[in-house]
Amino acid sequence: MGKVAKGVKCSVVGCDKLAVRSLSNERVSSAGLNVGGGGRGRAYLCKDHYKEFKKETKKEKMLEQWRYRG
């Protein structure tokens with residue numbers, strides 16, 4: 001059983017909601033979300049912040065797909 005299932009809080013500064021996803025701290029901070037704890041380890045995101053993360057990284061994912069198709 002992981003930390004998300006146990007009920008860990010969102011890692012974004014100022015958010016107290018329960019997390020639904022766990023991602024690399026480095027990827028989350030590069031997407032523009034203010035995550036406490038530096039660049040190592042895991043970042044836990046609530047539903048709203050995960051949605052924001054997906055919106056911010058949509059263009060990067062599309063470029064990666066194009067790169068591998070070529």
# chains A, B, ... in the order shown; residues from 1 in each chain; ligands from 1
>>> closest_atom_pairs(of="segment 16-42 of chain A", to="segment 59-63 of chain A", cutoff="12 Å", atoms="only C-alpha atoms", output="tab-separated table")
residue	atom	partner	partner_atom	distance
A:Arg27	CA	A:Glu60	CA	11.3
A:Ser30	CA	A:Glu60	CA	11.1
A:Ala31	CA	A:Glu60	CA	9.8
>>> select_by_dssp(residues="chain A", states="strand (DSSP E)", output="list in words")
Arg21, Ser22, Leu23, Ser24, Arg42, Ala43, Tyr44 and Leu45 of chain A
>>> residues_around(residues="Gly7 of chain A", least_positions_apart="6", cutoff="10 Å", atoms="only C-alpha atoms", output="mmCIF file with N, CA and C atoms, in the first residue's frame")
data_model
loop_
_atom_site.group_PDB
_atom_site.id
_atom_site.type_symbol
_atom_site.label_atom_id
_atom_site.label_comp_id
_atom_site.auth_asym_id
_atom_site.auth_seq_id
_atom_site.Cartn_x
_atom_site.Cartn_y
_atom_site.Cartn_z
ATOM 1 N N LYS A 17 -5.342 19.459 0.479
ATOM 2 C CA LYS A 17 -6.207 18.386 -0.016
ATOM 3 C C LYS A 17 -5.442 17.065 -0.052
ATOM 4 N N LEU A 18 -6.182 15.960 -0.126
ATOM 5 C CA LEU A 18 -5.575 14.640 -0.219
ATOM 6 C C LEU A 18 -5.020 14.411 -1.619
ATOM 7 N N ALA A 19 -3.880 13.762 -1.687
ATOM 8 C CA ALA A 19 -3.211 13.498 -2.959
ATOM 9 C C ALA A 19 -3.866 12.339 -3.690
ATOM 10 N N VAL A 20 -3.836 12.401 -5.022
ATOM 11 C CA VAL A 20 -4.352 11.311 -5.847
ATOM 12 C C VAL A 20 -3.269 10.714 -6.728
#
>>> closest_atom_pairs(of="segment 11-43 of chain A", to="segment 49-53 of chain A", cutoff="8 Å", atoms="only C-alpha atoms", output="CSV")
residue,atom,partner,partner_atom,distance
A:Val12,CA,A:His49,CA,7.8
A:Arg21,CA,A:Tyr50,CA,7.2
A:Val28,CA,A:Phe53,CA,6.9
A:Ala31,CA,A:Phe53,CA,6.3
A:Leu33,CA,A:Phe53,CA,7.5
>>> write_last_selection(atoms="C-alpha atoms", output="PDB file, in the first residue's frame")
ATOM      1  CA  VAL A  12       2.009  22.013  -3.396  1.00  0.00           C
ATOM      2  CA  ARG A  21      -1.059  10.949  -7.765  1.00  0.00           C
ATOM      3  CA  VAL A  28       6.391  18.756 -11.035  1.00  0.00           C
ATOM      4  CA  ALA A  31       5.924  22.304 -14.805  1.00  0.00           C
ATOM      5  CA  LEU A  33       4.047  24.152  -9.550  1.00  0.00           C
TER       6      LEU A  33
END
>>> select_by_dssp(residues="chain A", states="helix (DSSP H, G or I)", output="count of residues only")
33
>>> closest_residue(among="A:Cys10, A:Gly32, A:Tyr68, A:Ser24", to="Asp48 of chain A", atoms="only C-alpha atoms")
A:Cys10
>>> atom_distance(atom1="atom CA of Lys54 of chain A", atom2="atom CA of Arg42 of chain A")
16.5 Å
>>> closest_residue(among="A:Lys6, A:Asn25, A:Lys58, A:Gln65", to="Leu45 of chain A", atoms="only C-alpha atoms")
A:Asn25
